[in-house]
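Asks: Provided herewith: my_file_27.cif, mmCIF, C-alpha atoms.
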data_work
#
loop_
_atom_site.group_PDB
_atom_site.id
_atom_site.type_symbol
_atom_site.label_atom_id
_atom_site.label_comp_id
_atom_site.auth_asym_id
_atom_site.auth_seq_id
_atom_site.Cartn_x
_atom_site.Cartn_y
_atom_site.Cartn_z
ATOM 1 C CA GLN A 1 0.000 0.000 0.000
ATOM 2 C CA VAL A 2 1.254 3.452 -0.934
ATOM 3 C CA GLN A 3 0.146 6.605 0.825
ATOM 4 C CA LEU A 4 0.537 10.112 -0.559
ATOM 5 C CA VAL A 5 0.142 13.420 1.235
ATOM 6 C CA GLU A 6 0.267 16.708 -0.663
ATOM 7 C CA SER A 7 1.094 20.061 0.867
ATOM 8 C CA GLY A 8 2.003 23.580 -0.186
ATOM 9 C CA GLY A 9 -1.143 24.864 -1.835
ATOM 10 C CA GLY A 10 -2.533 28.304 -1.213
ATOM 11 C CA LEU A 11 -3.695 31.635 -2.585
ATOM 12 C CA VAL A 12 -1.211 33.607 -4.668
ATOM 13 C CA GLN A 13 -1.251 36.393 -7.226
ATOM 14 C CA THR A 14 -0.550 36.264 -10.939
ATOM 15 C CA GLY A 15 3.168 35.929 -11.557
ATOM 16 C CA ASP A 16 3.927 34.458 -8.150
ATOM 17 C CA SER A 17 5.601 31.128 -7.434
ATOM 18 C CA LEU A 18 4.500 28.205 -5.320
ATOM 19 C CA ARG A 19 6.024 24.836 -4.504
ATOM 20 C CA LEU A 20 3.912 21.772 -3.871
ATOM 21 C CA SER A 21 5.221 18.720 -2.064
ATOM 22 C CA CYS A 22 4.010 15.143 -2.039
ATOM 23 C CA ALA A 23 5.338 12.806 0.633
ATOM 24 C CA VAL A 24 5.133 9.121 -0.234
ATOM 25 C CA SER A 25 5.253 6.146 2.102
ATOM 26 C CA GLY A 26 4.921 2.427 1.773
ATOM 27 C CA ARG A 27 7.275 1.278 -0.984
ATOM 28 C CA ALA A 28 10.783 1.673 -2.364
ATOM 29 C CA PHE A 29 10.445 5.202 -3.660
ATOM 30 C CA ASN A 30 12.949 4.875 -6.511
ATOM 31 C CA THR A 31 10.693 2.308 -8.198
ATOM 32 C CA ILE A 32 7.699 4.656 -8.128
ATOM 33 C CA ALA A 33 6.993 6.982 -11.030
ATOM 34 C CA MET A 34 5.168 10.082 -9.867
ATOM 35 C CA GLY A 35 2.736 12.411 -11.537
ATOM 36 C CA TRP A 36 0.934 15.652 -10.838
ATOM 37 C CA PHE A 37 -2.560 16.215 -12.117
ATOM 38 C CA ARG A 38 -4.992 19.067 -11.553
ATOM 39 C CA GLN A 39 -8.710 19.680 -11.677
ATOM 40 C CA PRO A 40 -9.773 23.255 -12.460
ATOM 41 C CA PRO A 41 -13.175 24.414 -11.200
ATOM 42 C CA GLY A 42 -15.967 22.855 -13.261
ATOM 43 C CA LYS A 43 -13.574 20.862 -15.431
ATOM 44 C CA GLU A 44 -12.182 17.361 -15.598
ATOM 45 C CA ARG A 45 -8.896 16.389 -14.079
ATOM 46 C CA GLU A 46 -5.935 16.870 -16.409
ATOM 47 C CA PHE A 47 -2.305 15.831 -16.631
ATOM 48 C CA VAL A 48 0.321 18.339 -15.508
ATOM 49 C CA THR A 49 3.666 16.572 -15.288
ATOM 50 C CA THR A 50 5.376 13.286 -14.488
ATOM 51 C CA ILE A 51 8.785 12.007 -13.443
ATOM 52 C CA SER A 52 10.309 8.534 -13.557
ATOM 53 C CA GLY A 53 11.509 6.684 -10.492
ATOM 54 C CA ASN A 54 15.167 7.500 -11.148
ATOM 55 C CA ALA A 55 14.321 11.097 -12.166
ATOM 56 C CA ARG A 56 15.943 10.696 -15.599
ATOM 57 C CA SER A 57 12.683 11.113 -17.512
ATOM 58 C CA THR A 58 10.049 13.818 -17.263
ATOM 59 C CA SER A 59 7.133 15.089 -19.306
ATOM 60 C CA TYR A 60 5.019 18.229 -19.079
ATOM 61 C CA ALA A 61 1.669 19.392 -20.357
ATOM 62 C CA TYR A 62 2.044 22.092 -22.984
ATOM 63 C CA SER A 63 0.195 24.591 -20.810
ATOM 64 C CA VAL A 64 2.819 24.450 -18.044
ATOM 65 C CA LYS A 65 6.014 23.727 -19.952
ATOM 66 C CA GLY A 66 8.678 26.270 -19.143
ATOM 67 C CA ARG A 67 6.844 27.473 -16.011
ATOM 68 C CA PHE A 68 6.523 24.318 -13.891
ATOM 69 C CA THR A 69 9.286 21.946 -12.823
ATOM 70 C CA ILE A 70 8.888 18.514 -11.308
ATOM 71 C CA PHE A 71 11.699 17.044 -9.255
ATOM 72 C CA ARG A 72 12.131 14.468 -6.556
ATOM 73 C CA ASP A 73 14.297 13.715 -3.561
ATOM 74 C CA ASN A 74 14.434 9.955 -3.266
ATOM 75 C CA ALA A 75 16.220 10.179 0.075
ATOM 76 C CA LYS A 76 13.175 11.993 1.471
ATOM 77 C CA ASN A 77 10.515 10.002 -0.425
ATOM 78 C CA THR A 78 9.134 13.273 -1.724
ATOM 79 C CA VAL A 79 8.252 14.703 -5.114
ATOM 80 C CA TYR A 80 7.912 18.422 -5.707
ATOM 81 C CA LEU A 81 6.150 20.658 -8.169
ATOM 82 C CA GLN A 82 7.755 24.064 -8.530
ATOM 83 C CA MET A 83 5.282 26.441 -10.136
ATOM 84 C CA ASP A 84 6.547 29.780 -11.428
ATOM 85 C CA SER A 85 4.855 32.589 -13.344
ATOM 86 C CA LEU A 86 1.476 31.411 -12.133
ATOM 87 C CA LYS A 87 -1.620 32.411 -14.055
ATOM 88 C CA PRO A 88 -5.301 32.484 -13.034
ATOM 89 C CA GLU A 89 -5.893 29.506 -15.322
ATOM 90 C CA ASP A 90 -3.579 27.461 -13.099
ATOM 91 C CA THR A 91 -6.227 27.626 -10.384
ATOM 92 C CA ALA A 92 -7.163 24.040 -9.537
ATOM 93 C CA VAL A 93 -6.976 21.251 -7.029
ATOM 94 C CA TYR A 94 -3.607 19.621 -7.554
ATOM 95 C CA TYR A 95 -3.179 15.890 -7.014
ATOM 96 C CA CYS A 96 -0.051 13.799 -6.860
ATOM 97 C CA ALA A 97 -0.231 10.219 -8.046
ATOM 98 C CA ALA A 98 2.013 7.173 -7.848
ATOM 99 C CA HIS A 99 2.728 4.380 -10.303
ATOM 100 C CA VAL A 100 4.450 1.498 -8.570
ATOM 101 C CA GLY A 101 7.009 -0.023 -10.917
ATOM 102 C CA THR A 102 10.040 -2.259 -10.638
ATOM 103 C CA LEU A 103 13.800 -1.901 -10.796
ATOM 104 C CA PHE A 104 13.514 -2.701 -14.520
ATOM 105 C CA ASN A 105 11.378 0.292 -15.519
ATOM 106 C CA MET A 106 12.788 3.059 -13.365
ATOM 107 C CA ASP A 107 13.305 5.160 -16.513
ATOM 108 C CA THR A 108 9.617 5.202 -17.407
ATOM 109 C CA HIS A 109 7.181 8.027 -16.799
ATOM 110 C CA TYR A 110 3.401 7.969 -17.281
ATOM 111 C CA THR A 111 1.027 10.641 -18.515
ATOM 112 C CA ARG A 112 -2.358 8.920 -18.259
ATOM 113 C CA GLU A 113 -4.544 8.884 -15.164
ATOM 114 C CA GLU A 114 -5.243 5.188 -15.631
ATOM 115 C CA ASP A 115 -1.547 4.415 -15.178
ATOM 116 C CA TYR A 116 -1.690 5.576 -11.573
ATOM 117 C CA ALA A 117 -3.145 3.387 -8.841
ATOM 118 C CA TYR A 118 -2.477 5.653 -5.886
ATOM 119 C CA TRP A 119 -3.603 9.235 -5.387
ATOM 120 C CA GLY A 120 -3.340 11.932 -2.792
ATOM 121 C CA ARG A 121 -6.327 13.911 -1.553
ATOM 122 C CA GLY A 122 -5.316 17.050 -3.378
ATOM 123 C CA THR A 123 -4.284 20.564 -2.442
ATOM 124 C CA GLN A 124 -5.969 23.758 -3.596
ATOM 125 C CA VAL A 125 -4.027 26.312 -5.600
ATOM 126 C CA THR A 126 -5.756 29.596 -6.314
ATOM 127 C CA VAL A 127 -4.166 32.287 -8.476
ATOM 128 C CA SER A 128 -5.822 35.682 -8.337
ATOM 129 C CA SER A 129 -5.607 38.173 -11.198
#
If you took the structure in this file and wrote it as structure tokens, what would it be?
Replies:
Amino acid sequence: QVQLVESGGGLVQTGDSLRLSCAVSGRAFNTIAMGWFRQPPGKEREFVTTISGNARSTSYAYSVKGRFTIFRDNAKNTVYLQMDSLKPEDTAVYYCAAHVGTLFNMDTHYTREEDYAYWGRGTQVTVSS
């Protein structure tokens, strides 16, 4: 069983930065690919970014590329989402998700919701104009 706890959300202004954290427990963290998804108000949940277990592979949604950075500290079992140049359209509940892999696919990242079996409860990010 894998447990995820997000933190770091809040209310910020356009152009500000915010860093989200997701602490993971329960399995060897370097075999777990991690993803961040978000659900804007009144919309479906969407992919934001993902990182492989060994951190060598990442992918970003077009809407956040160049502004958001995903990184992980495997010694702390934590993945981070650094969000810069925030816009009102980034307002959403942000979820971290975990894909439990093996030592043989530590280079793989995943962009689809259905690839993730474990999810956090989400943290609200609100960007005011």
Asks: Between A:Met34, A:Ala75, A:Leu86, A:Phe68, single out the one closest to Thr108 (chain A), counting all atoms listed in the file.
Replies: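 Of A:Met34, A:Ala75, A:Leu86, A:Phe68, the one nearest Thr108 (chain A) is A:Met34, counting all atoms listed in the file.
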Asks: Taking the file as I've supplied it (selection: the PyMOL selection byres ((chain A and resi 54-61) around 7)), which residues are included? Please answer as a list in words.
Replies: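 On this input, the PyMOL selection byres ((chain A and resi 54-61) around 7) captures Asn30, Phe47, Val48, Thr49, Thr50, Ile51, Ser52, Gly53, Tyr62, Ser63, Val64, Lys65, Arg72, Met106, Asp107, Thr108 and His109 of chain A.
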Asks: Between A:Gly9, A:Phe37, A:Glu44, A:Gly26, single out the one closest to Tyr116 (chain A), counting all atoms listed in the file.
Replies: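 Checking each candidate against Tyr116 (chain A), we get A:Phe37 as the closest.
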Asks: I'd like the interatomic distance between CA of Ser7 (chain A) and CA of Asn105 (chain A), to a tenth of an Å.
Replies: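 Straight-line distance from CA of Ser7 (chain A) to CA of Asn105 (chain A) works out to 27.7 Å.
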Asks: Report the distance between CA of Glu46 (chain A) and CA of Ser17 (chain A) in Å, rounded to one decimal place.
Replies: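 According to the coordinates, CA of Glu46 (chain A) and CA of Ser17 (chain A) are separated by 20.4 Å.
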Asks: Please report the interatomic distance between CA of Ser25 (chain A) and CA of Arg112 (chain A) in Å with one decimal.
Replies: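 About the pair CA of Ser25 (chain A) and CA of Arg112 (chain A): they are 21.9 Å apart.
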Asks: The PyMOL selection byres ((chain A and resi 118) around 7) on the file shown: which residues, as a ChimeraX atom specification?
Replies: /A:2,97-99,116-117,119
Asks: Convert the current residue selection to file output with C-alpha atoms, as a PDB file, keeping the file's coordinate frame.
Replies:
ATOM      1  CA  VAL A   2       1.254   3.452  -0.934  1.00  0.00           C
ATOM      2  CA  ALA A  97      -0.231  10.219  -8.046  1.00  0.00           C
ATOM      3  CA  ALA A  98       2.013   7.173  -7.848  1.00  0.00           C
ATOM      4  CA  HIS A  99       2.728   4.380 -10.303  1.00  0.00           C
ATOM      5  CA  TYR A 116      -1.690   5.576 -11.573  1.00  0.00           C
ATOM      6  CA  ALA A 117      -3.145   3.387  -8.841  1.00  0.00           C
ATOM      7  CA  TRP A 119      -3.603   9.235  -5.387  1.00  0.00           C
TER       8      TRP A 119
END
Asks: Restricting the calculation to only C-alpha atoms: of A:Ala33, A:Leu11, A:Val125, A:Cys22, which residue gets closest to Cys96 (chain A)?
Replies: A:Cys22
Asks: Have region 4-25 of chain A completed to N, CA, C and O atoms, please, and pass it along as a PDB file, in the frame of the given file.
Replies:
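Saved to out-v2.pdb:
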ATOM      1  N   LEU A   4       0.024   8.854  -0.046  1.00  0.00           N
ATOM      2  CA  LEU A   4       0.537  10.112  -0.559  1.00  0.00           C
ATOM      3  C   LEU A   4      -0.135  11.264   0.182  1.00  0.00           C
ATOM      4  O   LEU A   4      -1.361  11.264   0.355  1.00  0.00           O
ATOM      5  N   VAL A   5       0.668  12.243   0.561  1.00  0.00           N
ATOM      6  CA  VAL A   5       0.142  13.420   1.235  1.00  0.00           C
ATOM      7  C   VAL A   5       0.724  14.661   0.579  1.00  0.00           C
ATOM      8  O   VAL A   5       1.934  14.876   0.616  1.00  0.00           O
ATOM      9  N   GLU A   6      -0.172  15.466  -0.021  1.00  0.00           N
ATOM     10  CA  GLU A   6       0.267  16.708  -0.663  1.00  0.00           C
ATOM     11  C   GLU A   6       0.264  17.852   0.346  1.00  0.00           C
ATOM     12  O   GLU A   6      -0.514  17.851   1.299  1.00  0.00           O
ATOM     13  N   SER A   7       1.092  18.841   0.073  1.00  0.00           N
ATOM     14  CA  SER A   7       1.094  20.061   0.867  1.00  0.00           C
ATOM     15  C   SER A   7       1.645  21.197   0.016  1.00  0.00           C
ATOM     16  O   SER A   7       2.249  20.953  -1.031  1.00  0.00           O
ATOM     17  N   GLY A   8       1.408  22.425   0.468  1.00  0.00           N
ATOM     18  CA  GLY A   8       2.003  23.580  -0.186  1.00  0.00           C
ATOM     19  C   GLY A   8       1.056  24.440  -0.992  1.00  0.00           C
ATOM     20  O   GLY A   8       1.465  25.465  -1.541  1.00  0.00           O
ATOM     21  N   GLY A   9      -0.204  24.041  -1.085  1.00  0.00           N
ATOM     22  CA  GLY A   9      -1.143  24.864  -1.835  1.00  0.00           C
ATOM     23  C   GLY A   9      -1.454  26.158  -1.121  1.00  0.00           C
ATOM     24  O   GLY A   9      -1.066  26.376   0.027  1.00  0.00           O
ATOM     25  N   GLY A  10      -2.158  27.044  -1.829  1.00  0.00           N
ATOM     26  CA  GLY A  10      -2.533  28.304  -1.213  1.00  0.00           C
ATOM     27  C   GLY A  10      -3.051  29.300  -2.222  1.00  0.00           C
ATOM     28  O   GLY A  10      -3.288  28.959  -3.383  1.00  0.00           O
ATOM     29  N   LEU A  11      -3.209  30.533  -1.757  1.00  0.00           N
ATOM     30  CA  LEU A  11      -3.695  31.635  -2.585  1.00  0.00           C
ATOM     31  C   LEU A  11      -2.523  32.547  -2.917  1.00  0.00           C
ATOM     32  O   LEU A  11      -1.834  33.040  -2.013  1.00  0.00           O
ATOM     33  N   VAL A  12      -2.298  32.746  -4.214  1.00  0.00           N
ATOM     34  CA  VAL A  12      -1.211  33.607  -4.668  1.00  0.00           C
ATOM     35  C   VAL A  12      -1.728  34.525  -5.763  1.00  0.00           C
ATOM     36  O   VAL A  12      -2.853  34.373  -6.239  1.00  0.00           O
ATOM     37  N   GLN A  13      -0.885  35.471  -6.165  1.00  0.00           N
ATOM     38  CA  GLN A  13      -1.251  36.393  -7.226  1.00  0.00           C
ATOM     39  C   GLN A  13      -0.587  35.995  -8.547  1.00  0.00           C
ATOM     40  O   GLN A  13       0.394  35.245  -8.562  1.00  0.00           O
ATOM     41  N   THR A  14      -1.122  36.515  -9.617  1.00  0.00           N
ATOM     42  CA  THR A  14      -0.550  36.264 -10.939  1.00  0.00           C
ATOM     43  C   THR A  14       0.935  36.623 -10.940  1.00  0.00           C
ATOM     44  O   THR A  14       1.321  37.695 -10.457  1.00  0.00           O
ATOM     45  N   GLY A  15       1.735  35.703 -11.483  1.00  0.00           N
ATOM     46  CA  GLY A  15       3.168  35.929 -11.557  1.00  0.00           C
ATOM     47  C   GLY A  15       3.955  35.373 -10.380  1.00  0.00           C
ATOM     48  O   GLY A  15       5.188  35.277 -10.447  1.00  0.00           O
ATOM     49  N   ASP A  16       3.262  34.998  -9.340  1.00  0.00           N
ATOM     50  CA  ASP A  16       3.927  34.458  -8.150  1.00  0.00           C
ATOM     51  C   ASP A  16       4.386  33.027  -8.386  1.00  0.00           C
ATOM     52  O   ASP A  16       4.045  32.389  -9.393  1.00  0.00           O
ATOM     53  N   SER A  17       5.138  32.512  -7.413  1.00  0.00           N
ATOM     54  CA  SER A  17       5.601  31.128  -7.434  1.00  0.00           C
ATOM     55  C   SER A  17       5.052  30.378  -6.235  1.00  0.00           C
ATOM     56  O   SER A  17       4.729  30.982  -5.201  1.00  0.00           O
ATOM     57  N   LEU A  18       4.985  29.068  -6.388  1.00  0.00           N
ATOM     58  CA  LEU A  18       4.500  28.205  -5.320  1.00  0.00           C
ATOM     59  C   LEU A  18       5.132  26.842  -5.515  1.00  0.00           C
ATOM     60  O   LEU A  18       5.354  26.407  -6.655  1.00  0.00           O
ATOM     61  N   ARG A  19       5.454  26.173  -4.412  1.00  0.00           N
ATOM     62  CA  ARG A  19       6.024  24.836  -4.504  1.00  0.00           C
ATOM     63  C   ARG A  19       5.118  23.858  -3.767  1.00  0.00           C
ATOM     64  O   ARG A  19       4.855  24.042  -2.571  1.00  0.00           O
ATOM     65  N   LEU A  20       4.692  22.845  -4.472  1.00  0.00           N
ATOM     66  CA  LEU A  20       3.912  21.772  -3.871  1.00  0.00           C
ATOM     67  C   LEU A  20       4.829  20.603  -3.531  1.00  0.00           C
ATOM     68  O   LEU A  20       5.809  20.354  -4.239  1.00  0.00           O
ATOM     69  N   SER A  21       4.485  19.909  -2.472  1.00  0.00           N
ATOM     70  CA  SER A  21       5.221  18.720  -2.064  1.00  0.00           C
ATOM     71  C   SER A  21       4.271  17.544  -1.964  1.00  0.00           C
ATOM     72  O   SER A  21       3.087  17.721  -1.658  1.00  0.00           O
ATOM     73  N   CYS A  22       4.800  16.366  -2.192  1.00  0.00           N
ATOM     74  CA  CYS A  22       4.010  15.143  -2.039  1.00  0.00           C
ATOM     75  C   CYS A  22       4.898  14.105  -1.356  1.00  0.00           C
ATOM     76  O   CYS A  22       5.876  13.634  -1.953  1.00  0.00           O
ATOM     77  N   ALA A  23       4.578  13.797  -0.133  1.00  0.00           N
ATOM     78  CA  ALA A  23       5.338  12.806   0.633  1.00  0.00           C
ATOM     79  C   ALA A  23       4.725  11.432   0.410  1.00  0.00           C
ATOM     80  O   ALA A  23       3.510  11.263   0.488  1.00  0.00           O
ATOM     81  N   VAL A  24       5.592  10.460   0.126  1.00  0.00           N
ATOM     82  CA  VAL A  24       5.133   9.121  -0.234  1.00  0.00           C
ATOM     83  C   VAL A  24       5.654   8.110   0.762  1.00  0.00           C
ATOM     84  O   VAL A  24       6.839   8.143   1.133  1.00  0.00           O
ATOM     85  N   SER A  25       4.825   7.194   1.182  1.00  0.00           N
ATOM     86  CA  SER A  25       5.253   6.146   2.102  1.00  0.00           C
ATOM     87  C   SER A  25       4.741   4.807   1.605  1.00  0.00           C
ATOM     88  O   SER A  25       3.765   4.724   0.864  1.00  0.00           O
TER      89      SER A  25
END
